[in-house]
Each structure stands twice: as structure tokens, then as C-alpha cells.
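A.B. asks: Sharing start.cif (mmCIF, C-alpha atoms) below.
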```
data_model
loop_
_atom_site.label_atom_id
_atom_site.label_comp_id
_atom_site.auth_asym_id
_atom_site.auth_seq_id
_atom_site.Cartn_x
_atom_site.Cartn_y
_atom_site.Cartn_z
CA MET L 6 -16.95 -24.46 9.45
CA THR L 7 -19.09 -26.75 7.30
CA ALA L 8 -17.67 -29.52 5.13
CA ILE L 9 -18.16 -27.55 1.92
CA GLU L 10 -16.55 -24.46 3.45
CA SER L 11 -13.53 -26.59 4.37
CA ILE L 12 -13.35 -28.02 0.85
CA LEU L 13 -13.58 -24.53 -0.64
CA LYS L 14 -10.90 -23.22 1.70
CA ASP L 15 -8.47 -26.01 0.79
CA TYR L 16 -9.21 -25.57 -2.90
CA THR L 17 -8.67 -21.80 -2.71
CA VAL L 18 -5.26 -22.19 -1.08
CA HIS L 19 -4.18 -24.67 -3.76
CA PHE L 20 -5.66 -22.68 -6.66
CA ASN L 21 -4.21 -19.36 -5.47
CA LYS L 22 -0.68 -20.77 -5.45
CA ASP L 23 -1.11 -21.89 -9.05
CA LEU L 24 -2.86 -18.70 -10.13
CA GLU L 25 -0.05 -16.49 -8.79
CA LYS L 26 2.44 -18.20 -11.08
CA TYR L 27 0.76 -16.59 -14.07
CA PHE L 28 1.80 -13.11 -12.86
CA PRO L 29 5.59 -12.76 -12.57
CA ILE L 30 6.63 -9.22 -11.69
CA SER L 31 9.73 -7.72 -13.31
CA GLY L 32 9.70 -4.28 -11.68
CA LYS L 33 9.98 -2.57 -15.07
CA LEU L 34 7.96 0.61 -15.58
CA GLU L 35 5.88 -0.90 -18.38
CA GLN L 36 4.80 -3.69 -16.01
CA ARG L 37 2.71 -1.36 -13.82
CA ALA L 38 -0.50 -2.71 -15.37
CA VAL L 39 0.71 -6.25 -14.65
CA GLU L 40 1.25 -5.26 -11.00
CA ALA L 41 -2.33 -3.99 -10.90
CA MET L 42 -3.57 -7.18 -12.58
CA ARG L 43 -1.76 -9.29 -10.00
CA TYR L 44 -2.99 -7.10 -7.13
CA SER L 45 -6.60 -7.51 -8.19
CA VAL L 46 -6.62 -11.17 -9.16
CA MET L 47 -4.81 -12.18 -5.95
CA ASN L 48 -6.91 -9.88 -3.76
CA GLY L 49 -8.85 -12.67 -2.03
CA GLY L 50 -12.05 -13.99 -3.53
CA LYS L 51 -14.11 -17.14 -3.05
CA ARG L 52 -12.91 -18.75 -6.33
CA LEU L 53 -16.40 -20.19 -6.85
CA ARG L 54 -16.17 -20.09 -10.64
CA PRO L 55 -12.91 -22.05 -11.01
CA PHE L 56 -14.11 -24.42 -8.28
CA LEU L 57 -17.33 -25.03 -10.22
CA LEU L 58 -15.28 -25.72 -13.34
CA HIS L 59 -12.94 -28.15 -11.62
CA GLU L 60 -15.78 -29.98 -9.86
CA THR L 61 -17.81 -30.31 -13.05
CA ALA L 62 -14.79 -31.55 -14.99
CA LYS L 63 -14.10 -34.04 -12.19
CA LEU L 64 -17.53 -35.62 -12.78
CA PHE L 65 -16.16 -36.82 -16.11
CA GLY L 66 -12.70 -37.87 -14.96
CA VAL L 67 -10.78 -34.70 -15.87
CA GLY L 68 -7.94 -33.96 -13.44
CA TYR L 69 -7.06 -30.71 -11.70
CA GLU L 70 -3.95 -29.93 -13.76
CA GLU L 71 -5.66 -30.42 -17.12
CA ALA L 72 -8.48 -28.06 -16.16
CA LEU L 73 -6.25 -25.50 -14.38
CA PRO L 74 -5.52 -23.12 -17.33
CA ILE L 75 -9.22 -23.04 -18.19
CA ALA L 76 -10.15 -22.30 -14.59
CA ALA L 77 -7.40 -19.68 -14.26
CA SER L 78 -8.49 -17.92 -17.44
CA LEU L 79 -12.05 -17.72 -16.11
CA GLU L 80 -10.91 -16.15 -12.84
CA MET L 81 -8.85 -13.60 -14.79
CA LEU L 82 -11.83 -12.61 -16.88
CA HIS L 83 -14.07 -12.42 -13.81
CA THR L 84 -11.54 -10.18 -12.06
CA TYR L 85 -11.39 -7.85 -15.08
CA SER L 86 -15.15 -7.40 -14.74
CA LEU L 87 -14.80 -6.52 -11.05
CA ILE L 88 -12.07 -3.94 -11.72
CA HIS L 89 -14.21 -2.18 -14.30
CA ASP L 90 -17.40 -2.57 -12.25
CA ASP L 91 -15.75 -0.74 -9.34
CA LEU L 92 -14.72 2.28 -11.45
CA PRO L 93 -16.31 5.70 -10.73
CA ALA L 94 -18.27 5.56 -14.01
CA MET L 95 -19.84 2.25 -12.97
CA ASP L 96 -20.54 1.28 -9.33
CA ASN L 97 -17.94 3.68 -7.90
CA ASP L 98 -16.67 1.42 -5.11
CA ASP L 99 -13.67 2.13 -2.90
CA MET L 100 -13.37 -1.37 -1.40
CA ARG L 101 -13.31 -4.85 -2.87
CA ARG L 102 -12.76 -7.96 -0.74
CA GLY L 103 -11.81 -5.77 2.20
CA LYS L 104 -9.03 -3.93 0.35
CA PRO L 105 -8.87 -0.78 -1.79
CA THR L 106 -10.25 -1.31 -5.27
CA CYS L 107 -7.78 -1.32 -8.15
CA HIS L 108 -8.35 2.32 -9.12
CA LYS L 109 -7.86 3.36 -5.48
CA ALA L 110 -4.72 1.27 -4.98
CA PHE L 111 -3.26 2.50 -8.29
CA ASP L 112 -5.23 5.02 -10.37
CA GLU L 113 -8.13 5.00 -12.83
CA ALA L 114 -6.04 4.75 -15.99
CA THR L 115 -4.01 1.84 -14.62
CA ALA L 116 -7.18 0.12 -13.44
CA ILE L 117 -8.71 0.35 -16.90
CA LEU L 118 -5.54 -1.07 -18.44
CA ALA L 119 -5.37 -3.81 -15.79
CA GLY L 120 -8.93 -4.85 -16.63
CA ASP L 121 -8.12 -4.82 -20.34
CA GLY L 122 -4.96 -6.80 -19.62
CA LEU L 123 -6.79 -9.50 -17.66
CA LEU L 124 -9.45 -9.83 -20.35
CA THR L 125 -6.90 -10.40 -23.12
CA TYR L 126 -4.58 -12.52 -20.96
CA ALA L 127 -7.49 -14.81 -20.09
CA PHE L 128 -7.78 -15.90 -23.72
CA GLU L 129 -4.01 -16.24 -24.07
CA VAL L 130 -3.89 -18.58 -21.06
CA LEU L 131 -6.89 -20.58 -22.26
CA ASN L 132 -5.34 -21.09 -25.68
CA SER L 133 -1.91 -21.91 -24.23
CA SER L 134 -3.35 -24.96 -22.48
CA GLU L 135 -2.54 -28.49 -23.63
CA ILE L 136 -6.09 -29.57 -24.41
CA GLU L 137 -6.99 -30.44 -28.01
CA ASP L 138 -7.48 -27.53 -30.41
CA LYS L 139 -11.15 -28.34 -31.05
CA LYS L 140 -11.91 -27.84 -27.37
CA LYS L 141 -9.87 -24.61 -27.24
CA VAL L 142 -11.98 -23.18 -30.06
CA GLU L 143 -15.24 -24.21 -28.39
CA LEU L 144 -14.19 -22.84 -25.00
CA THR L 145 -12.93 -19.57 -26.49
CA LEU L 146 -16.23 -19.02 -28.30
CA LEU L 147 -18.25 -19.97 -25.22
CA LEU L 148 -16.29 -17.70 -22.87
CA SER L 149 -16.39 -14.73 -25.22
CA ARG L 150 -20.15 -15.11 -25.56
CA ALA L 151 -20.63 -15.48 -21.79
CA ALA L 152 -18.70 -12.26 -21.19
CA GLY L 153 -20.10 -10.40 -24.19
CA ALA L 154 -22.41 -7.54 -25.06
CA PHE L 155 -25.13 -9.47 -26.91
CA LYS L 156 -26.26 -12.23 -24.53
CA GLY L 157 -23.55 -12.13 -21.86
CA MET L 158 -22.20 -10.32 -18.83
CA ILE L 159 -21.80 -6.92 -20.49
CA ALA L 160 -25.44 -7.01 -21.62
CA GLY L 161 -26.39 -7.71 -18.01
CA GLN L 162 -24.25 -4.82 -16.77
CA VAL L 163 -26.02 -2.50 -19.22
CA LEU L 164 -29.39 -3.57 -17.81
CA ASP L 165 -28.07 -3.09 -14.28
CA LEU L 166 -26.87 0.43 -15.08
CA TYR L 167 -29.96 1.65 -16.88
CA THR L 168 -32.92 -0.15 -15.28
CA ASP L 169 -32.83 1.73 -12.02
CA THR L 170 -36.50 2.44 -11.39
CA HIS L 171 -39.67 0.33 -11.15
CA LYS L 172 -41.96 2.81 -12.85
CA ASP L 173 -40.60 2.14 -16.33
CA PHE L 174 -41.44 -1.59 -16.31
CA PRO L 175 -44.88 -3.20 -16.02
CA ASP L 176 -43.20 -6.55 -15.28
CA PRO L 177 -40.04 -5.76 -13.28
CA GLU L 178 -39.36 -9.41 -12.36
CA THR L 179 -38.83 -10.29 -16.02
CA ILE L 180 -36.26 -7.50 -16.32
CA ILE L 181 -34.41 -8.39 -13.14
CA ARG L 182 -34.33 -12.11 -13.97
CA ARG L 183 -32.83 -11.22 -17.32
CA THR L 184 -30.34 -8.86 -15.67
CA GLU L 185 -29.20 -11.44 -13.15
CA GLU L 186 -29.08 -14.29 -15.67
CA LEU L 187 -26.77 -12.18 -17.83
CA LYS L 188 -24.68 -10.16 -15.38
CA THR L 189 -23.91 -12.93 -12.89
CA GLY L 190 -25.42 -16.08 -14.33
CA CYS L 191 -23.43 -16.29 -17.55
CA LEU L 192 -20.07 -16.52 -15.78
CA LEU L 193 -21.52 -19.08 -13.37
CA SER L 194 -22.96 -21.18 -16.20
CA TYR L 195 -19.74 -21.12 -18.22
CA PRO L 196 -17.66 -23.16 -15.73
CA CYS L 197 -20.19 -26.01 -15.79
CA GLU L 198 -20.36 -25.93 -19.57
CA ALA L 199 -16.56 -25.78 -19.77
CA GLY L 200 -16.25 -28.78 -17.46
CA CYS L 201 -18.63 -30.66 -19.72
CA ILE L 202 -16.57 -29.77 -22.81
CA LEU L 203 -13.34 -30.87 -21.15
CA GLY L 204 -14.93 -34.14 -20.06
CA ASP L 205 -16.83 -34.94 -23.30
CA ALA L 206 -20.12 -35.01 -21.42
CA LYS L 207 -23.25 -36.40 -23.07
CA ALA L 208 -25.84 -33.92 -24.31
CA GLU L 209 -28.33 -34.80 -21.56
CA GLU L 210 -25.65 -34.44 -18.87
CA ARG L 211 -24.65 -31.06 -20.24
CA ALA L 212 -28.30 -29.93 -20.28
CA LEU L 213 -28.78 -30.92 -16.63
CA LEU L 214 -25.61 -29.14 -15.53
CA ASN L 215 -26.59 -26.08 -17.52
CA LYS L 216 -29.93 -26.02 -15.67
CA TYR L 217 -28.11 -26.46 -12.36
CA SER L 218 -25.71 -23.60 -13.07
CA ARG L 219 -28.38 -21.20 -14.30
CA ASN L 220 -30.44 -21.65 -11.14
CA VAL L 221 -27.33 -21.30 -8.99
CA GLY L 222 -26.35 -18.15 -10.88
CA ILE L 223 -29.63 -16.35 -10.19
CA ALA L 224 -29.68 -17.54 -6.57
CA PHE L 225 -26.11 -16.28 -6.11
CA GLN L 226 -27.07 -12.79 -7.27
CA ILE L 227 -30.18 -12.79 -5.06
CA THR L 228 -28.05 -13.63 -2.02
CA ASP L 229 -25.70 -10.81 -3.05
CA ASP L 230 -28.68 -8.44 -3.05
CA ILE L 231 -29.77 -9.74 0.35
CA LEU L 232 -26.26 -9.30 1.75
CA ASP L 233 -26.33 -5.69 0.58
CA VAL L 234 -29.22 -5.20 3.01
CA GLU L 235 -28.36 -7.59 5.85
CA GLY L 236 -24.63 -8.29 5.48
CA ASP L 237 -21.67 -7.34 7.66
CA GLU L 238 -19.30 -5.03 5.78
CA GLN L 239 -16.30 -6.52 7.58
CA LEU L 240 -17.20 -9.99 6.28
CA VAL L 241 -18.45 -9.01 2.83
CA GLY L 242 -15.48 -6.70 2.24
CA LYS L 243 -17.24 -3.96 0.30
CA THR L 244 -19.58 -1.02 0.86
CA LEU L 245 -23.12 -2.23 1.60
CA LYS L 246 -26.61 -0.73 1.48
CA LYS L 247 -25.81 0.93 -1.85
CA ASP L 248 -28.62 -0.73 -3.82
CA LYS L 249 -31.36 1.15 -1.99
CA THR L 250 -29.48 4.45 -2.24
CA GLN L 251 -29.00 3.91 -5.98
CA ASN L 252 -32.61 2.71 -6.40
CA LYS L 253 -31.42 -0.59 -7.88
CA LEU L 254 -34.00 -2.89 -9.40
CA ASN L 255 -33.57 -6.38 -7.91
CA PHE L 256 -35.54 -9.14 -6.20
CA VAL L 257 -35.13 -7.50 -2.80
CA SER L 258 -36.43 -4.14 -4.01
CA ILE L 259 -39.39 -5.84 -5.72
CA TYR L 260 -40.42 -8.41 -3.11
CA GLY L 261 -38.53 -7.64 0.07
CA VAL L 262 -35.91 -9.75 1.82
CA LYS L 263 -38.19 -12.55 3.03
CA GLU L 264 -39.69 -13.38 -0.38
CA ALA L 265 -36.30 -12.95 -2.09
CA LYS L 266 -34.96 -15.64 0.26
CA ASN L 267 -37.89 -17.90 -0.64
CA ILE L 268 -37.20 -17.43 -4.35
CA ALA L 269 -33.51 -18.24 -3.86
CA GLU L 270 -34.46 -21.35 -1.86
CA ARG L 271 -36.70 -22.60 -4.69
CA LEU L 272 -33.94 -22.02 -7.23
CA ILE L 273 -31.43 -23.97 -5.14
CA ASN L 274 -33.89 -26.83 -4.69
CA GLU L 275 -34.28 -26.98 -8.47
CA SER L 276 -30.52 -26.87 -8.96
CA GLU L 277 -30.03 -29.79 -6.57
CA ALA L 278 -32.69 -31.83 -8.36
CA SER L 279 -30.74 -31.41 -11.60
CA LEU L 280 -27.82 -33.29 -10.07
CA SER L 281 -29.72 -36.45 -9.09
CA VAL L 282 -28.54 -38.35 -12.16
CA PHE L 283 -24.93 -38.05 -10.96
CA GLY L 284 -25.60 -39.69 -7.59
CA GLU L 285 -22.82 -39.38 -5.01
CA LYS L 286 -20.46 -37.92 -7.60
CA GLY L 287 -22.58 -34.77 -7.57
CA ALA L 288 -22.54 -34.37 -3.77
CA THR L 289 -19.96 -31.57 -3.71
CA LEU L 290 -21.84 -29.53 -6.33
CA LYS L 291 -25.05 -30.08 -4.38
CA ASN L 292 -23.42 -28.90 -1.16
CA LEU L 293 -21.97 -25.92 -3.00
CA SER L 294 -25.42 -24.79 -4.11
CA ARG L 295 -26.64 -24.96 -0.51
CA TYR L 296 -23.60 -22.96 0.62
CA ILE L 297 -24.43 -20.24 -1.91
CA LEU L 298 -27.86 -19.94 -0.31
CA THR L 299 -26.51 -19.55 3.23
CA ARG L 300 -23.24 -17.68 2.66
CA ASN L 301 -22.48 -14.52 4.63
CA LEU L 302 -19.74 -13.11 2.37
#
```
Represent the structure contained in this file as C-alpha cells.

C.D. replies:
Amino acid sequence: MTAIESILKDYTVHFNKDLEKYFPISGKLEQRAVEAMRYSVMNGGKRLRPFLLHETAKLFGVGYEEALPIAASLEMLHTYSLIHDDLPAMDNDDMRRGKPTCHKAFDEATAILAGDGLLTYAFEVLNSSEIEDKKKVELTLLLSRAAGAFKGMIAGQVLDLYTDTHKDFPDPETIIRRTEELKTGCLLSYPCEAGCILGDAKAEERALLNKYSRNVGIAFQITDDILDVEGDEQLVGKTLKKDKTQNKLNFVSIYGVKEAKNIAERLINESEASLSVFGEKGATLKNLSRYILTRNL
């Protein structure tokens, strides 16, 4: 286990204990959606997004507890997107993180409600935090945009659903970069921006961290696409080799695995360069970007 993997593991254990506290179960019939929310949000996961948020906030002296509700709300929103992405009308997956997807463990209707519940609860948790109101407003606006249908995650999911052949696009790389920047990148850029907001970062610091997170976001999705081809289903925890079957447009389908790896490497090198101004304080974020490049799950 590498140093960054050990740091991530320790963080995940700590964060999961705190995250679980947001989901008390009463056993009442009307709490079935809450049970499904809890099942999905506590169903493993690397917790990269909350970790990114906490590490960015730490650069500016913001402690774990202060940033926790913001990080928890982000993980809730991310999990909502996974629940809906797994539904039969979307990617139609039976497994997520090595366990039955929400609609398989419960049913489709409950899964839809659980996703809706996590989306709305995310903003409740964010706005129940003890940070100043000005920052709550800014974070709420930023998160809603990052997850949204105009220039956010939903827009990226639309591109992913409907750009499934090469023949329709004279410049497929432009389309896939846009897809990956939106679908995956927005929710990997938000935690760095949120950390900057919490820590009152300077404009130039925020710009550098935004560049770092955008490069990491695209590289993360490229490695996901590579894992779909080369990964071990037992480690990855979901059905693989679906992209080729579904004729998905991505860097692997355009350039092949070898060149996709080269592109991801260049993006990570650029992301690391963006952190140079932070010196040793940015070491964990730098190591995280390298981990994203070499991960096997």
C-alpha cells in the first residue's frame, strides 16, 4: 500500500463514521427511501470528492469539522447521481461497488426516490452547517451549477447518453472532452473550489486549484474508461467491458488504451505543476493526482 492509499484509507474510515450519523433509521414505513439512501451512500466508495474538499480547505487552515457538512453534502449528491445512473433507463447496472445497485437491492421506484432524497438532503446539510451565510449561498449556487443541466453533471450525462457513435462527429475528441469535463469533472472541480471558498483563498490560488481539479477530473474519467477495458471486476466492483458493447464514445474508443494512458499522464503532469506554488503543503494533493492515474478500482 502506498502512502497516499494509506492516507485515503484512514480518511475514509473517519469520514464514513461521520457520514453515517446523517442517516438515522427509524424503521417506519415512510422511511424506506431513507433506508435506500443510507444503503447507497454507505455502500463503500473511495470518497475522493470529500477528501479533495478537505485537503484543499486544509491548505488554507480550515479544519476537518468545519468542512465536514460541506464534504458530506457533496458525497450525498454524488451518490444520488450514481443511483440514477445505474437505473435501467440509464446505464442499467446491477452492481455498484461490489454490491447490488439501489434498484436491485430495493426496487426502481424506491431507487428514484432515494436519489431524489439524497439530492435535496445534500442542500439541507450544506445549509445547516455553521459557516457564515455568505459562504453558504456561494457554495449552494456553485454545487447546483456543478450538478446541473446547463453546464454541469446532468449536461455531461446527456452527452454520454446520446453521443454513442463516431460517425456523427467530425471532431470526436472535442465532444468527449466536453462530456468528461461535465459528467465527471464538474463534481471533481467543485470540492477544490469549495475548499477555496471555505478558506478565503486568493483569486490566483483559486485559479490554480481550479486548473488542477479540471485536469484531474478528465484524467479520472479516462482511467475509468481504461478500467472498463483492462480492470478486474472483483476490484472495480461493477460490470466491465460495457463501453465497447454500448459503442460509447470516449478516449479509449478514439485512440486506444495506450494513447489514452498517455493523455491521462499529460493531464496529471499539468495538474501537479499547478500545485507548485503551495510547496510541501500541496504534497498530498499531488500524490492524490498520481494515485488517480495508477488506481485499479

A.B. asks: Carefully work through the PyMOL selection byres ((chain L and resi 133-140) around 12) for this structure and note down the residues it includes, as a count of residues only.

C.D. replies: 35

A.B. asks: List every protein, DNA or RNA residue that has an atom no more than 12 Å from (-35.3, -5.6, -5.8) in the file's coordinate frame, counting all atoms listed in the file, and report them as a ChimeraX atom specification.

C.D. replies: /L:165,168-171,177-182,184-185,226-231,233-234,248-249,251-266

A.B. asks: Go through L:Met6, L:Leu13, L:Ala224, L:Met100 one by one, measure the shortest atom-to-atom distance of each to L:Ala269 using all atoms listed in the file, and give the residue with the smallest value.

C.D. replies: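 Closest to L:Ala269 of all the choices is L:Ala224.
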
A.B. asks: I'd like the residues picked by the PyMOL selection byres ((chain L and resi 193) around 8) written out as a PyMOL selection string, using the chain letters and numbers from the file.

C.D. replies: chain L and resi 54+57+189-192+194-197+218-219+221-222

A.B. asks: Can you work out which one of L:Phe20, L:Phe283, L:Tyr44, L:Tyr217 has the shortest atom-to-atom distance to L:Ala110, counting only C-alpha atoms?

C.D. replies: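 Smallest distance to L:Ala110 is found for L:Tyr44.
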
A.B. asks: Do a neighbour search on L:Leu92 at 7 Å with all atoms listed in the file, toss out local chain neighbours closer than 5 positions, and write the hits as a CSV table (one decimal) with C-alpha atoms, in the coordinates of the input.

C.D. replies:
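Final file, out_12.csv:
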```csv
chain,number,residue,atom,x,y,z
L,97,ASN,CA,-17.9,3.7,-7.9
L,98,ASP,CA,-16.7,1.4,-5.1
L,108,HIS,CA,-8.4,2.3,-9.1
```

A.B. asks: Interatomic distance between atom CA of L:Gly153 and atom CA of L:Ile117?

C.D. replies: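 Between atom CA of L:Gly153 and atom CA of L:Ile117 the gap works out to 17.3 Å.
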
A.B. asks: Specify as a count of residues only each residue included when the PyMOL selection byres ((chain L and resi 49) around 10) is applied to this file.

C.D. replies: 15

A.B. asks: For L:Arg43, please output as a PDB file with C-alpha atoms, in the coordinates of the input all residues within 10 Å (counting only C-alpha atoms; exclusion window: fewer than 2 positions along the same chain).

C.D. replies:
```
ATOM      1  CA  LEU L  24      -2.860 -18.700 -10.130  1.00  0.00           C
ATOM      2  CA  GLU L  25      -0.050 -16.490  -8.790  1.00  0.00           C
ATOM      3  CA  LYS L  26       2.440 -18.200 -11.080  1.00  0.00           C
ATOM      4  CA  TYR L  27       0.760 -16.590 -14.070  1.00  0.00           C
ATOM      5  CA  PHE L  28       1.800 -13.110 -12.860  1.00  0.00           C
ATOM      6  CA  PRO L  29       5.590 -12.760 -12.570  1.00  0.00           C
ATOM      7  CA  ILE L  30       6.630  -9.220 -11.690  1.00  0.00           C
ATOM      8  CA  ARG L  37       2.710  -1.360 -13.820  1.00  0.00           C
ATOM      9  CA  ALA L  38      -0.500  -2.710 -15.370  1.00  0.00           C
ATOM     10  CA  VAL L  39       0.710  -6.250 -14.650  1.00  0.00           C
ATOM     11  CA  GLU L  40       1.250  -5.260 -11.000  1.00  0.00           C
ATOM     12  CA  ALA L  41      -2.330  -3.990 -10.900  1.00  0.00           C
ATOM     13  CA  SER L  45      -6.600  -7.510  -8.190  1.00  0.00           C
ATOM     14  CA  VAL L  46      -6.620 -11.170  -9.160  1.00  0.00           C
ATOM     15  CA  MET L  47      -4.810 -12.180  -5.950  1.00  0.00           C
ATOM     16  CA  ASN L  48      -6.910  -9.880  -3.760  1.00  0.00           C
ATOM     17  CA  MET L  81      -8.850 -13.600 -14.790  1.00  0.00           C
ATOM     18  CA  ALA L 119      -5.370  -3.810 -15.790  1.00  0.00           C
ATOM     19  CA  LEU L 123      -6.790  -9.500 -17.660  1.00  0.00           C
TER      20      LEU L 123
END
```

A.B. asks: Suppose you want the space between atom CA of L:Leu187 and atom CA of L:Pro105; what is it in Å?

C.D. replies: 26.6 Å

A.B. asks: Smallest atom-to-atom distance to L:Asn274: which of L:Leu298, L:Met42, L:Leu118, L:Val163, using all atoms listed in the file?

C.D. replies: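 When distances to L:Asn274 are compared using all atoms listed in the file, the smallest one comes from L:Leu298.
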
A.B. asks: For each of L:His19, L:Leu293, L:Leu302, L:Cys107, take the minimum atom-to-atom distance to L:Thr7, counting all atoms listed in the file, then give the residue where this is smallest.

C.D. replies: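 Among the listed residues, the smallest separation from L:Thr7 belongs to L:Leu293.
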
A.B. asks: Could you give me, as a PyMOL selection string, the residues within 9 Å of L:Leu280, counting all atoms listed in the file and dropping anything in the same chain fewer than 3 positions from it?

C.D. replies: chain L and resi 213-214+217+276-277+283-284+287-288+290-291

A.B. asks: What is the atom CA of L:Ala62 to atom CA of L:Ser281 distance in Å?

C.D. replies: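 We find that atom CA of L:Ala62 and atom CA of L:Ser281 lie 16.8 Å from each other.
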
A.B. asks: Which is closer to L:Ala278 than all the others in L:Lys216, L:Arg211, L:Arg300, L:Lys109, using only C-alpha atoms?

C.D. replies: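 Going through L:Lys216, L:Arg211, L:Arg300, L:Lys109 one by one, the smallest distance to L:Ala278 is for L:Lys216.
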
A.B. asks: Specify the axis-aligned box that encloses all atoms of stretch 220-224 of chain L listed in the file after padding of 8 Å on each side, stating its centre and edge lengths in Å to one decimal as AutoDock Vina command-line options.

C.D. replies:
```
--center_x -28.4 --center_y -19.0 --center_z -8.9 --size_x 20.1 --size_y 21.3 --size_z 20.6
```
